[in-house]
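Listing of model-v9.cif, mmCIF, C-alpha atoms and all ligand atoms
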```cif
data_final
loop_
_atom_site.label_atom_id
_atom_site.label_comp_id
_atom_site.auth_asym_id
_atom_site.auth_seq_id
_atom_site.Cartn_x
_atom_site.Cartn_y
_atom_site.Cartn_z
CA MET A 1 -15.24 9.50 4.76
CA SER A 2 -15.25 10.96 1.31
CA SER A 3 -18.56 12.06 -0.16
CA ASN A 4 -19.30 12.19 -3.83
CA THR A 5 -17.02 14.91 -5.10
CA GLU A 6 -15.47 15.86 -8.37
CA LYS A 7 -11.98 15.25 -7.07
CA PRO A 8 -9.84 12.70 -8.90
CA ARG A 9 -9.65 9.40 -7.09
CA ILE A 10 -6.97 7.37 -5.41
CA LEU A 11 -7.13 3.67 -4.67
CA THR A 12 -4.47 1.81 -2.79
CA GLY A 13 -4.28 -0.70 -0.01
CA ASP A 14 -2.49 -3.23 2.15
CA THR A 15 -2.73 -6.95 2.67
CA PRO A 16 -3.41 -7.77 6.34
CA THR A 17 -0.50 -10.10 7.00
CA GLY A 18 1.12 -8.16 9.85
CA GLN A 19 1.82 -4.70 11.20
CA LEU A 20 2.94 -1.78 9.10
CA HIS A 21 6.51 -0.51 9.38
CA LEU A 22 8.74 2.39 8.33
CA GLY A 23 9.23 0.89 4.87
CA HIS A 24 5.48 1.23 4.31
CA TRP A 25 5.59 4.76 5.68
CA VAL A 26 8.23 6.15 3.31
CA GLY A 27 7.06 4.00 0.39
CA SER A 28 3.34 4.72 0.42
CA LEU A 29 1.64 5.77 3.68
CA GLU A 30 3.22 9.21 3.71
CA ASN A 31 1.91 9.89 0.20
CA ARG A 32 -1.55 8.73 1.17
CA VAL A 33 -1.66 11.10 4.12
CA LYS A 34 -0.43 14.01 1.99
CA LEU A 35 -2.83 13.44 -0.89
CA GLN A 36 -6.00 13.01 1.17
CA ASP A 37 -7.29 16.52 0.60
CA GLU A 38 -6.55 16.73 -3.09
CA TYR A 39 -8.03 13.36 -3.99
CA GLU A 40 -11.09 11.32 -3.10
CA CYS A 41 -9.29 8.40 -1.47
CA PHE A 42 -10.30 4.76 -1.18
CA PHE A 43 -7.99 2.69 1.02
CA LEU A 44 -8.44 -1.05 0.75
CA ILE A 45 -7.75 -3.82 3.24
CA ALA A 46 -6.98 -6.72 0.90
CA ASN A 47 -8.15 -9.38 3.32
CA MET A 48 -9.15 -11.78 0.57
CA HIS A 49 -5.59 -11.66 -0.74
CA ALA A 50 -4.29 -12.58 2.70
CA PHE A 51 -5.93 -15.97 2.20
CA THR A 52 -3.84 -16.69 -0.89
CA THR A 53 -0.89 -17.65 1.31
CA ARG A 54 -2.52 -18.03 4.74
CA ALA A 55 -5.80 -19.81 4.16
CA ASP A 56 -5.14 -21.81 7.34
CA LYS A 57 -4.89 -18.71 9.53
CA PRO A 58 -8.28 -16.96 9.56
CA ASP A 59 -7.83 -15.70 13.14
CA GLU A 60 -4.56 -14.00 12.29
CA ILE A 61 -6.03 -12.42 9.18
CA ARG A 62 -8.99 -11.09 11.15
CA ARG A 63 -6.69 -9.67 13.86
CA SER A 64 -4.38 -8.10 11.31
CA THR A 65 -7.33 -6.56 9.44
CA LEU A 66 -8.26 -4.54 12.51
CA ASP A 67 -4.65 -3.74 13.37
CA ILE A 68 -3.93 -2.35 9.91
CA VAL A 69 -6.85 0.04 10.24
CA LYS A 70 -5.39 1.14 13.58
CA ASP A 71 -2.00 1.66 11.92
CA TRP A 72 -3.69 3.70 9.20
CA ILE A 73 -5.50 5.96 11.61
CA ALA A 74 -2.35 6.30 13.69
CA CYS A 75 -0.27 7.43 10.75
CA GLY A 76 -2.77 10.09 9.77
CA MET A 77 -5.00 8.45 7.21
CA ASP A 78 -8.21 10.11 8.27
CA PRO A 79 -11.53 8.23 8.34
CA GLU A 80 -13.30 11.60 8.21
CA LYS A 81 -11.70 12.36 4.87
CA SER A 82 -11.07 9.01 3.21
CA THR A 83 -12.98 5.79 2.70
CA PHE A 84 -11.64 2.58 4.25
CA VAL A 85 -12.72 -0.45 2.24
CA LEU A 86 -12.94 -4.05 3.35
CA GLN A 87 -12.26 -6.11 0.26
CA THR A 88 -14.31 -9.19 1.19
CA GLU A 89 -17.46 -7.06 1.57
CA ILE A 90 -17.23 -5.57 -1.91
CA PRO A 91 -18.64 -8.39 -4.07
CA GLY A 92 -18.17 -6.27 -7.19
CA ILE A 93 -14.41 -6.76 -6.86
CA ALA A 94 -14.68 -10.53 -7.12
CA GLU A 95 -17.05 -10.23 -10.07
CA LEU A 96 -14.88 -7.79 -11.94
CA THR A 97 -11.88 -10.05 -11.31
CA TRP A 98 -13.56 -12.75 -13.42
CA TYR A 99 -14.28 -10.44 -16.33
CA LEU A 100 -10.76 -9.00 -16.30
CA ALA A 101 -9.25 -12.48 -16.05
CA MET A 102 -10.64 -13.14 -19.52
CA LEU A 103 -8.72 -10.18 -20.92
CA LEU A 104 -5.28 -11.04 -19.50
CA PRO A 105 -3.28 -13.86 -21.07
CA PHE A 106 -2.33 -16.51 -18.51
CA ASN A 107 1.36 -16.23 -19.43
CA ARG A 108 1.25 -12.48 -18.97
CA VAL A 109 -0.02 -12.91 -15.43
CA MET A 110 2.68 -15.45 -14.61
CA ARG A 111 5.42 -13.20 -16.02
CA ASN A 112 4.84 -10.60 -13.29
CA PRO A 113 8.22 -10.21 -11.54
CA THR A 114 6.67 -9.39 -8.17
CA LEU A 115 4.59 -12.56 -8.32
CA LYS A 116 7.68 -14.58 -9.27
CA THR A 117 9.77 -13.12 -6.44
CA GLU A 118 6.99 -13.85 -3.97
CA LEU A 119 6.78 -17.46 -5.12
CA GLU A 120 10.52 -17.80 -4.46
CA ASP A 121 10.76 -15.79 -1.24
CA LYS A 122 7.81 -17.53 0.34
CA GLY A 123 9.11 -20.92 -0.79
CA LEU A 124 5.78 -21.76 -2.40
CA GLY A 125 7.45 -24.13 -4.89
CA ASP A 126 4.96 -25.65 -7.32
CA SER A 127 2.31 -26.33 -4.71
CA TYR A 128 0.88 -22.82 -4.58
CA SER A 129 -2.85 -22.46 -4.86
CA PHE A 130 -4.68 -21.43 -8.02
CA GLY A 131 -5.80 -18.39 -6.05
CA PHE A 132 -2.24 -17.21 -5.58
CA PRO A 133 -1.58 -15.91 -9.11
CA MET A 134 -5.28 -15.02 -9.31
CA TYR A 135 -4.65 -12.30 -6.74
CA SER A 136 -2.75 -10.29 -9.28
CA VAL A 137 -5.84 -10.19 -11.52
CA GLY A 138 -7.82 -9.43 -8.39
CA GLN A 139 -5.55 -6.48 -7.74
CA CYS A 140 -6.47 -5.06 -11.17
CA ALA A 141 -10.12 -5.30 -10.14
CA ASP A 142 -9.44 -3.74 -6.70
CA ILE A 143 -8.07 -0.75 -8.51
CA LEU A 144 -10.36 -0.44 -11.53
CA ILE A 145 -13.63 -0.88 -9.67
CA PHE A 146 -12.96 2.53 -8.12
CA ARG A 147 -11.79 4.08 -11.41
CA PRO A 148 -8.89 5.96 -9.79
CA GLU A 149 -6.28 8.03 -11.55
CA LEU A 150 -3.53 7.44 -9.02
CA VAL A 151 -2.31 4.42 -7.05
CA PRO A 152 0.29 5.31 -4.39
CA VAL A 153 2.34 2.16 -3.75
CA GLY A 154 5.73 0.87 -2.73
CA GLU A 155 8.17 0.11 -5.55
CA ASP A 156 7.49 -3.64 -5.51
CA GLN A 157 3.83 -3.04 -6.37
CA LEU A 158 4.52 -1.25 -9.66
CA ALA A 159 4.68 -4.63 -11.36
CA HIS A 160 1.00 -5.07 -10.45
CA ILE A 161 0.00 -1.67 -11.79
CA GLU A 162 1.30 -2.50 -15.26
CA PRO A 163 -1.15 -5.36 -16.03
CA CYS A 164 -3.87 -3.19 -14.51
CA ARG A 165 -3.10 -0.49 -17.07
CA GLU A 166 -2.99 -3.09 -19.84
CA VAL A 167 -6.32 -4.62 -18.94
CA ALA A 168 -7.95 -1.20 -18.57
CA ARG A 169 -6.84 -0.27 -22.10
CA ARG A 170 -8.04 -3.61 -23.43
CA PHE A 171 -11.47 -3.31 -21.79
CA ASN A 172 -11.91 0.23 -23.07
CA GLN A 173 -10.95 -0.81 -26.59
CA LEU A 174 -12.99 -3.97 -26.68
CA TYR A 175 -16.20 -2.92 -24.96
CA CYS A 176 -16.24 0.88 -25.12
CA GLY A 177 -14.99 1.26 -28.68
CA VAL A 178 -11.93 3.33 -27.81
CA ASN A 179 -9.31 3.53 -30.54
CA PRO A 180 -6.16 1.55 -29.58
CA HIS A 181 -3.95 4.49 -30.57
CA THR A 182 -5.47 6.72 -27.90
CA ASP A 183 -3.10 8.34 -25.38
CA ASP A 184 -3.40 6.90 -21.88
CA ASP A 185 -4.62 10.24 -20.56
CA ASP A 186 -7.46 10.40 -23.07
CA TYR A 187 -9.18 7.04 -22.61
CA VAL A 188 -12.07 8.37 -20.54
CA LYS A 189 -12.52 11.39 -22.78
CA GLU A 190 -12.77 9.01 -25.74
CA GLY A 191 -15.59 7.08 -24.09
CA GLY A 192 -13.65 4.50 -22.08
CA LEU A 193 -15.02 3.39 -18.73
CA PHE A 194 -11.67 3.06 -16.98
CA PRO A 195 -8.95 5.70 -16.60
CA ILE A 196 -5.47 4.24 -17.13
CA PRO A 197 -4.22 4.55 -13.54
CA GLU A 198 -0.71 5.57 -12.62
CA GLY A 199 1.42 4.19 -9.82
CA LYS A 200 3.14 6.66 -7.53
CA VAL A 201 6.08 5.57 -5.43
CA GLY A 202 7.03 7.41 -2.24
CA ARG A 203 10.10 9.47 -1.44
CA VAL A 204 12.19 6.43 -0.53
CA ALA A 205 11.43 3.68 -3.03
CA ARG A 206 13.10 0.89 -1.12
CA LEU A 207 14.02 1.29 2.53
CA VAL A 208 16.77 -1.03 3.69
CA GLY A 209 16.03 -3.01 6.87
CA THR A 210 17.93 -2.73 10.13
CA ASP A 211 20.10 -5.64 8.98
CA GLY A 212 21.62 -3.10 6.59
CA LYS A 213 21.21 -5.45 3.64
CA LEU A 214 17.72 -6.46 2.59
CA LYS A 215 14.52 -4.54 2.01
CA MET A 216 12.69 -3.80 5.24
CA SER A 217 10.14 -6.55 5.76
CA LYS A 218 8.33 -8.08 8.67
CA SER A 219 9.21 -11.60 7.59
CA LEU A 220 12.94 -10.79 7.47
CA ASN A 221 12.95 -9.57 11.05
CA ASN A 222 14.58 -6.29 10.08
CA ALA A 223 11.65 -3.91 10.48
CA ILE A 224 10.93 -0.94 12.73
CA PHE A 225 7.17 -0.98 13.28
CA LEU A 226 4.97 2.09 13.62
CA THR A 227 4.13 0.82 17.12
CA ASP A 228 7.75 0.48 18.33
CA THR A 229 8.84 2.35 21.45
CA PHE A 230 11.90 4.62 21.56
CA LYS A 231 13.75 1.89 23.42
CA LYS A 232 13.02 -0.64 20.71
CA ILE A 233 13.89 1.76 17.92
CA LYS A 234 17.24 2.52 19.57
CA LYS A 235 17.98 -1.16 20.00
CA LYS A 236 17.10 -1.99 16.39
CA MET A 237 19.12 0.95 15.03
CA GLY A 238 21.99 -0.08 17.29
CA GLY A 239 22.12 -3.44 15.54
CA LEU A 240 22.67 -1.88 12.11
CA TYR A 241 26.11 -3.09 11.13
CA THR A 242 28.31 -0.88 8.93
CA GLY A 243 31.72 -2.50 9.43
CA ARG A 244 33.20 0.84 10.57
CA THR A 245 35.18 0.54 13.82
CA ALA A 246 36.58 3.92 14.89
CA MET A 247 35.40 7.53 15.19
CA ASP A 248 38.26 8.73 12.98
CA GLU A 249 37.81 6.14 10.27
CA PRO A 250 36.49 7.69 7.02
CA GLY A 251 33.04 6.23 6.38
CA ASP A 252 31.01 5.53 3.27
CA ILE A 253 28.04 7.87 3.09
CA ASN A 254 26.32 5.46 0.72
CA ASN A 255 25.96 2.83 3.40
CA ALA A 256 22.70 1.74 5.00
CA LEU A 257 23.22 4.05 7.98
CA PHE A 258 23.19 7.07 5.68
CA ASP A 259 20.10 5.80 3.90
CA TYR A 260 18.45 6.22 7.29
CA VAL A 261 20.06 9.63 7.83
CA ARG A 262 18.59 10.88 4.57
CA ALA A 263 15.23 9.15 5.06
CA PHE A 264 14.53 10.32 8.61
CA ILE A 265 16.47 13.50 9.35
CA ALA A 266 14.38 16.24 7.81
CA ASP A 267 17.02 18.99 8.15
CA ASP A 268 19.16 19.22 4.96
CA GLU A 269 21.88 21.25 6.67
CA ARG A 270 22.31 18.62 9.34
CA ILE A 271 22.41 15.86 6.73
CA LYS A 272 25.22 17.68 4.90
CA GLU A 273 27.10 18.21 8.16
CA LEU A 274 26.88 14.53 9.03
CA GLU A 275 27.89 13.45 5.54
CA GLU A 276 30.98 15.66 5.63
CA ALA A 277 32.10 14.61 9.08
CA TYR A 278 31.48 10.94 8.34
CA SER A 279 33.30 10.81 5.03
CA LYS A 280 36.32 12.47 6.65
CA GLY A 281 36.20 10.39 9.80
CA ASP A 282 36.03 13.63 11.77
CA ASN A 283 35.45 12.40 15.30
CA ILE A 284 32.04 10.92 14.68
CA GLY A 285 30.87 7.51 15.81
CA ASP A 286 28.25 5.31 14.17
CA GLY A 287 26.64 5.00 17.59
CA HIS A 288 26.01 8.74 17.85
CA ILE A 289 24.41 8.87 14.46
CA LYS A 290 22.25 5.87 15.28
CA VAL A 291 20.91 7.56 18.40
CA GLU A 292 20.23 10.74 16.46
CA ILE A 293 18.30 8.78 13.83
CA ALA A 294 16.36 6.92 16.53
CA GLN A 295 15.35 10.27 18.02
CA HIS A 296 14.04 11.48 14.69
CA ILE A 297 12.12 8.28 14.10
CA ASP A 298 10.69 8.55 17.59
CA LYS A 299 9.56 12.10 16.87
CA LEU A 300 7.84 10.86 13.72
CA LEU A 301 6.06 8.08 15.63
CA GLU A 302 5.06 10.17 18.65
CA PRO A 303 1.88 11.69 17.15
CA MET A 304 1.05 8.24 15.75
CA ARG A 305 1.06 6.81 19.27
CA GLU A 306 -1.31 9.55 20.39
CA ARG A 307 -3.76 9.04 17.55
CA ARG A 308 -3.79 5.33 18.35
CA VAL A 309 -4.86 5.72 21.98
CA PRO A 310 -8.65 5.94 21.42
CA PHE A 311 -8.49 2.75 19.33
CA GLU A 312 -6.76 0.50 21.82
CA GLY A 313 -8.20 -2.78 23.08
CA ASN A 314 -11.66 -4.28 22.57
CA GLU A 315 -13.39 -0.92 22.57
CA GLY A 316 -10.99 0.16 19.85
CA ASP A 317 -11.77 -2.97 17.85
CA LYS A 318 -15.46 -2.07 18.00
CA LYS A 319 -14.80 1.45 16.75
CA VAL A 320 -12.73 0.09 13.89
CA LEU A 321 -15.47 -2.34 12.90
CA GLU A 322 -18.02 0.47 12.90
CA ILE A 323 -15.83 2.54 10.62
CA LEU A 324 -15.28 -0.39 8.29
CA ARG A 325 -18.98 -1.19 8.07
CA GLU A 326 -20.05 2.36 7.37
CA HIS A 327 -17.26 3.04 4.91
CA THR A 328 -17.66 -0.24 3.08
CA ARG A 329 -21.31 0.53 2.50
CA GLN A 330 -20.30 3.80 0.85
CA ALA A 331 -17.60 2.07 -1.13
CA ASN A 332 -20.13 -0.43 -2.44
CA ASN A 333 -22.08 2.44 -3.98
CA ALA A 334 -19.05 3.43 -5.99
CA ALA A 335 -18.13 -0.18 -6.82
CA GLU A 336 -21.63 -1.17 -7.89
CA GLU A 337 -21.84 1.82 -10.18
CA THR A 338 -18.64 0.79 -11.96
CA LEU A 339 -19.70 -2.83 -12.14
CA TYR A 340 -23.06 -1.88 -13.65
CA LEU A 341 -21.38 0.28 -16.27
CA ALA A 342 -18.83 -2.46 -17.01
CA LYS A 343 -21.56 -5.06 -17.49
CA GLN A 344 -23.54 -2.65 -19.61
CA ALA A 345 -20.51 -2.21 -21.86
CA MET A 346 -20.27 -6.01 -22.05
CA LYS A 347 -23.96 -6.33 -22.96
CA LEU A 348 -24.62 -7.90 -19.57
CA ASP A 349 -27.09 -5.33 -18.32
CA PHE A 350 -29.98 -7.60 -17.49
CA GLY A 351 -31.22 -5.48 -14.61
CA LYS A 352 -30.09 -3.32 -11.72
CA ARG A 353 -29.55 -4.72 -8.27
CA THR A 354 -29.22 -3.28 -4.79
CA LEU A 355 -26.76 -4.61 -2.28
CA MET A 356 -27.81 -4.66 1.32
CA PHE A 357 -25.14 -4.37 3.94
CA GLU A 358 -26.49 -4.78 7.47
N1 LIG A 401 -0.72 -6.30 -3.01
C1 LIG A 401 -0.66 -5.14 -2.16
C2 LIG A 401 0.40 -5.39 -1.07
O1 LIG A 401 0.57 -6.54 -0.67
C3 LIG A 401 -1.97 -4.83 -1.52
C4 LIG A 401 -3.03 -4.48 -2.50
C5 LIG A 401 -4.13 -5.23 -2.82
C6 LIG A 401 -3.10 -3.30 -3.29
N2 LIG A 401 -4.87 -4.61 -3.75
C7 LIG A 401 -4.29 -3.42 -4.06
C8 LIG A 401 -2.27 -2.17 -3.44
C9 LIG A 401 -4.63 -2.46 -4.99
C10 LIG A 401 -2.64 -1.21 -4.37
C11 LIG A 401 -3.80 -1.36 -5.14
O2 LIG A 401 0.99 -4.47 -0.59
#
```

Show this structure as structure tokens.
Amino acid sequence: MSSNTEKPRILTGDTPTGQLHLGHWVGSLENRVKLQDEYECFFLIANMHAFTTRADKPDEIRRSTLDIVKDWIACGMDPEKSTFVLQTEIPGIAELTWYLAMLLPFNRVMRNPTLKTELEDKGLGDSYSFGFPMYSVGQCADILIFRPELVPVGEDQLAHIEPCREVARRFNQLYCGVNPHTDDDDYVKEGGLFPIPEGKVGRVARLVGTDGKLKMSKSLNNAIFLTDTFKKIKKKMGGLYTGRTAMDEPGDINNALFDYVRAFIADDERIKELEEAYSKGDNIGDGHIKVEIAQHIDKLLEPMRERRVPFEGNEGDKKVLEILREHTRQANNAAEETLYLAKQAMKLDFGKRTLMFE
């Protein structure tokens, strides 16, 4: 868990609506693992957001909350270095959401392309809850309450970072007297409470699923999960359709198969070799490449399986809960400090309070 240091901060997180997969790994998890030493990291389980579309499934949300923490630890996010935050136990987030909601025009919130896509993809029609679009304001509060400089996310989440930056500027201008012509980098120096945080997308912005067409996603049934066995990985890779039929048929190295080659084979020489042979149709089958990719993915997941072992089963659940409780208490210190300063700036400092978390 991070202690109070002078390192710049990171905040990012996941909604507990299912297991994490390779798309999450290349899009965001890998960055989180890499940046843990350089930054003071807060990683958030957005369990309140899970209720925006699954209010009728509290058991599933609870299960997924614990499983995501297990995925995190497995992939190398280290509870000794970083702080894992349970959103529903940080009341300051819900409070800040209200204040920020007053600074974001309703139409601006509804214009968010990620929100719009979600409404369509999830078939929410016009019967979605009030809380659904509210989550995007909530996401601004998730981020700003920790005053981070960096937010490592998958590409689809950038559309949420933008209103967060807008509302941070607005707050700083309105309540901290910062000049609107200030450069984003200078807001804190000029007396603003909130840094203007930047999104950071991983090395593969958008990993195609094993259907070879759509973005990898649990709900599209085209995902390789961090918990998959070699056998499963091989089977899923095997199903990736390219349309190529013979070993001597020249292939297109911009197809989905080669997205995987470049995403999961770390050796540049080997990538070049495969690209050359494939584009010429030089005695190379899709099947061989698929097995080779599956082996590399398996090698990536192997240490993750090992790190997961101590957290299996009920005993593992208990350990996860202990971590979440302890870390969330620490996170509340940071969150309460920001909230106090925000309310002070808004002339709402009527007294300090102490949160108890038993
Ligand atoms: N909306 C994000 C997702 O579904 C999860 C999330 C919630 C998040 N709050 C956040 C990500 C704050 C980054 C920062 O993936």

Would you list the residues that come within 8 Å of ligand LIG 401 (chain A)? Count all atoms listed in the file and give the answer as an MDAnalysis selection string.
chainID A and resid 11:15 44:46 49 136 138:140 142:143 151:154 157 160:161

Leaving out region 22-39 of chain A and any residue of its chain fewer than 4 positions from it, which residues lie within 10 Å of it when counting all atoms listed in the file, given as number ranges by chain?
A: 2, 5-14, 43, 71-73, 75-78, 81-82, 148-156, 200-209, 215-218, 223-226, 263-264, 297, 301

With all atoms listed in the file counted and 12 Å as the cut-off, give the residues of region 43-87 of chain A in contact with region 334-341 of chain A, each with its shortest interatomic distance in Å and the pair that gives it, as JSON lines.
```
{"residue": "A:Thr83", "atom": "CA", "partner": "A:Ala334", "partner_atom": "CA", "distance": 10.9}
{"residue": "A:Val85", "atom": "CA", "partner": "A:Ala335", "partner_atom": "CA", "distance": 10.6}
{"residue": "A:Gln87", "atom": "CA", "partner": "A:Ala335", "partner_atom": "CA", "distance": 10.9}
```

What gap, in Å, lies between CA of Gln344 (chain A) and CA of Phe194 (chain A)?
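Spanning CA of Gln344 (chain A) to CA of Phe194 (chain A) is a straight-line distance of 13.4 Å.
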
Within 8 Å of (17.8, 5.9, 23.9), in the coordinates the file gives, what residues turn up when you count all atoms listed in the file, written out as a list in words?
Phe230, Lys231, Lys234, Val291, Ala294 and Gln295 of chain A

Between CA of Met237 (chain A) and CA of Ser64 (chain A), measure the distance and give it in Å to one decimal.
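If I compute the distance from CA of Met237 (chain A) to CA of Ser64 (chain A), I get 25.5 Å.
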
Which one is closest to Lys347 (chain A): A:Leu104, A:Leu174, A:Leu66, A:Ile145? Count only C-alpha atoms.
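Result for the nearest residue to Lys347 (chain A): A:Leu174.
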
Test item: residues at most 7 Å from Gly281 (chain A), all atoms listed in the file, excluding those fewer than 3 positions along its chain, as a list in words:
Met247, Asp248, Glu249, Pro250, Gly251, Ala277, Tyr278 and Ile284 of chain A

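Here the question is which of A:Tyr175, A:Gln19, A:Ser219, A:Met134 gets nearest to Ile61 (chain A) using all atoms listed in the file, and that residue is A:Gln19.
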
Of A:Thr227, A:Met48, A:Thr53, A:Tyr99, the one nearest to Glu312 (chain A) when counting all atoms listed in the file is A:Thr227
